[in-house]
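Student: Here you go, one structure.
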Amino acid sequence: MEVSPIDKVYLDHAATTPPHPDVATAMQPYLEGMFGNPSALYAMGRESRAAIEKARRQVAALIGAGTGEVFFTSGGSESDNMALWGTLLANEGKGNHVVTSAIEHHAVLETAEFLTAHGYEATFVGVDSAGVVDPDDIRKAITGRTIVVSVMHANNEVGTIEPVREIADVCREAGVLLHTDAVQTVGNVHVDVDDLGVDLLSMSGHKLYGPKGIGAIYVRNGTKITRFIHGGEQEHGKRAGTENMAGIVGLGAAAEVAAGEMDDKVGRIGKLRGRLVDGLSAEIPDMFLNGHPTNRLPNNVHLGVKFIEGEAICLQLDVVGICASTGSACSSEALEPSHVLLAMGVPARDAQGSVRFSLGRGTTAEEIDYVIETLPPIIERLRSMSPHAR
Ligand SMILES: *Cc1c(COP(=O)(O)O)cnc(C)c1O
């Protein structure tokens, strides 16, 4: 294999993003001298408190929320857990049922499944072949016992954007809460909690060029929710624990950067995506694109490659310096086909051959061309060794 002039092509932004330089700069003081406990009464504590409130304003501004509606958590997973548990526990007298979709992130799916083992009920609504949830199916799944509906804003594997606004109308009519896991969209495309009509929303720092281990949950004013982490009165009593100062400040900085470069980023990345799709489609036979053709994340390309396995493709891409994934966590142990593709009706055999490229703010046309050049021969070679190929 020839060595490329580009030494690393990072195309796995859906898994995590590199911290923006402004994020690292903003965080630095909180890893060093500025260690005051924000709950303390002396000046050092007050400075930390002020930094948290600034970050809260930055995050709230990015999603069109009030500052009193944003609470910091340890990340997208905690926010998802809290949205489901918190609303169900706070409404125990009213009901015990959650409606969600079959293509949610594991942080929602596993939580819903866990809840069913503890006296709650969950309904998992299916999707069409493009990965879209039908709002009518949500309507039909809602019962008199339903407390909350949870449907993700965009799917992390195939990039399909869900009709959250329409689902919100269904939920409002039925008098149930709506949560959306917006981890893939916040900071990457325009997200406004009022446009979406959601009551709860999850986001994560490391998916928007911020640090890992920090996230936030938006909770619409007046929404009844029980806290998930018990202890002190931090985060207005909604989430105990001494605040992750560096993380919070980093998330705030990332939110501000994202708000400033949104339009430019979306347009440029969308063009690069088109270039990648066209280039690969022209060169690779027996390949299909997963996810909705237009209503989708501008940075996600999800390929189904017949006759070979996605893991093998990812490992070969790694050899030539390209970081991509199979879509679900590219883990060595799980050779199970993705629950998302199966829910979309992709045959299990074809679901094995998936590769996800997710572009980012630093992606260049040269990098895209490098992928277009290197991937087709890799696939040809793997197919020539595959017992499944024709
Ligand atoms: C990454 C991701 C999460 C989990 O976020 P963490 O901050 O890593 O816990 C949840 N939902 C979606 C859609 C994601 O892509």
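Chain labels follow the order of the structure tokens: the first chain is A, the next B, and so on; residue numbering restarts at 1 in every chain, and ligands are counted from 1 in their shown order.
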Give the residue list for ligand 1 at 8 Å, counting only C-alpha atoms and all ligand atoms, as number ranges by chain, sorted by chain and then by residue number.
Tutor: A: 14-16, 74-80, 104-108, 152, 154-156, 181-184, 202-207, 212-215
Student: Could you give me, as CSV, a per-residue list for stretch 8-106 of chain A showing, wherever an atom lies at most 8 Å from an atom of stretch 120-141 of chain A, the closest pair of atoms and their distance in Å to one decimal, using only C-alpha atoms and sorting by chain then residue number from low to high?
Tutor:
```
residue,atom,partner,partner_atom,distance
A:Asn96,CA,A:Tyr120,CA,5.0
A:His97,CA,A:Glu121,CA,4.6
A:Val98,CA,A:Ala122,CA,4.8
A:Val99,CA,A:Thr123,CA,4.8
A:Thr100,CA,A:Phe124,CA,5.1
A:Ser101,CA,A:Val125,CA,4.5
A:Ala102,CA,A:Phe124,CA,5.2
A:Ile103,CA,A:Gly131,CA,7.6
```
Student: Keeping only N, CA, C and O atoms, write the selected residues to a file as a short mmCIF file (atom, residue, chain, number, x, y, z; two decimals), in the first residue's frame.
Tutor:
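Ended up saving to selection12.cif:
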```cif
data_model
loop_
_atom_site.label_atom_id
_atom_site.label_comp_id
_atom_site.auth_asym_id
_atom_site.auth_seq_id
_atom_site.Cartn_x
_atom_site.Cartn_y
_atom_site.Cartn_z
N ASN A 96 -46.80 5.38 33.60
CA ASN A 96 -45.54 4.63 33.72
C ASN A 96 -44.99 4.24 32.36
O ASN A 96 -44.21 3.31 32.26
N HIS A 97 -45.40 4.94 31.31
CA HIS A 97 -45.11 4.47 29.95
C HIS A 97 -44.25 5.47 29.18
O HIS A 97 -44.51 6.67 29.22
N VAL A 98 -43.24 4.94 28.50
CA VAL A 98 -42.42 5.77 27.62
C VAL A 98 -42.54 5.23 26.19
O VAL A 98 -42.58 4.02 25.98
N VAL A 99 -42.64 6.15 25.24
CA VAL A 99 -42.65 5.77 23.82
C VAL A 99 -41.36 6.27 23.20
O VAL A 99 -41.00 7.44 23.38
N THR A 100 -40.66 5.38 22.53
CA THR A 100 -39.43 5.82 21.87
C THR A 100 -39.33 5.10 20.53
O THR A 100 -40.27 4.45 20.10
N SER A 101 -38.20 5.27 19.84
CA SER A 101 -38.07 4.64 18.53
C SER A 101 -37.05 3.52 18.57
O SER A 101 -36.23 3.44 19.49
N ALA A 102 -37.09 2.68 17.56
CA ALA A 102 -36.21 1.52 17.50
C ALA A 102 -34.78 1.91 17.12
O ALA A 102 -33.88 1.08 17.18
N ILE A 103 -34.56 3.15 16.71
CA ILE A 103 -33.23 3.53 16.19
C ILE A 103 -32.49 4.49 17.11
O ILE A 103 -31.50 5.10 16.72
#
```
Student: I need the residue nearest A:Thr87 from this list: A:Thr160, A:Asn244, A:Gln352, A:Thr223. Use only C-alpha atoms for the distance.
Tutor: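 Closest residue, counting only C-alpha atoms: A:Thr223.
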Student: Could you pull the residues within 6 Å of A:Ala216, counting only C-alpha atoms, minus those fewer than 3 positions along the same chain, as a list in words?
Tutor: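 Residues near the query, excluding close chain neighbours: Phe71, Phe72, Thr73 and Met203 of chain A.
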Student: Mind pulling up the distance from atom CA of A:Gly360 to atom CA of A:Asn299?
Tutor: 6.7 Å
Student: Out of stretch 35-266 of chain A, which residues get strand (DSSP E or B) from DSSP, as a ChimeraX atom specification?
Tutor: /A:70-73,97-101,121-125,146-150,154,160-161,177-181,186,189,200-204,215-219
